[in-house]
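One structure is given here, and the rest of the page talks about it.
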Amino acid sequence: MDMNAIMQQAREMHEKMNKIQNNLAAKRISGSAGGGMVSVEATGKGDIISISIEDELVSTDEKEMLQDLVAAAVNDALRKARELAKTEMSGLTGGLQIPGLTSLF
C-alpha cells in the first residue's frame, strides 16, 4: 500500500474523530433517579451541565438518600453519554471494535 494513501486516510480519520467529538460535546443527555425526583443533564462527552432536585427531597432528614439519588442520576447520565459516544464512533470505524478508541471521550 502507498504510504501517502495511508497518511491521507489517517488525516481523514483524525478529521472525522474531531467532528464526532465536537458533535458529542454539543449533544445533551439526561439521566434520572428516584422516579425523576433527581435528574442530571450531561454532554455527549460526559461533562455534567446541570442537576435538578425536586423540592420535596430537600430536607436534612433525607440528606443521605438525596446524595445517593444524585450519584445514581449522574451515573445514569454518564452511562448514556458513553453509549452515545460508542454509537457515534462505530460509524467512523465501520462497526469495528477498536480497543481504547472510545476512551478518548
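Residue names in the C-alpha cells use chain letters A, B, ... in the order shown, residue numbers from 1 in each chain, and ligand numbers from 1 in the order shown.
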
query = Using the chain letters and numbers from this document, which residues of chain A does DSSP assign to strand (DSSP E or B), as a list in words?
reply =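 The strand (DSSP E or B) subset of chain A is Arg28, Ile29, Ser30, Gly31, Ser32, Ala33, Val38, Ser39, Val40, Glu41, Ala42, Thr43, Ile48, Ile49, Ser50, Ile51, Ser52 and Ile53 of chain A.
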
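In terms of minimum interatomic distance to Gln67 in chain A, A:Ala33 ranks closest within A:Ala33, A:Ala85, A:Ala25, A:Met7, counting only C-alpha atoms.
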
ask   = Nearest to Val74 in chain A: which of A:Ser32, A:Ser52, A:Thr87, A:Thr60 is it, counting only C-alpha atoms?
value =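 When distances to Val74 in chain A are compared using only C-alpha atoms, the smallest one comes from A:Ser32.
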
Exercise: Arg79 in chain A partners within 12 Å, only C-alpha atoms, chain neighbours under 4 positions left out, as a ChimeraX atom specification = /A:29-32,40-47,72-75,83-86

query = So how many Å separate CA of Glu15 in chain A and CA of Ala81 in chain A, to one decimal?
reply =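 If I compute the distance from CA of Glu15 in chain A to CA of Ala81 in chain A, I get 21.2 Å.
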
ask   = A:Ala10, A:Glu56, A:Gly91, A:Gly36: which is nearest Asp76 in chain A, counting only C-alpha atoms?
value =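 Result for the nearest residue to Asp76 in chain A: A:Gly36.
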
inquiry  = Could you pull out the alpha helix (DSSP H) residues of chain A, going by DSSP on the backbone, and write them as a ChimeraX atom specification?
reply    = /A:3-26,63-93
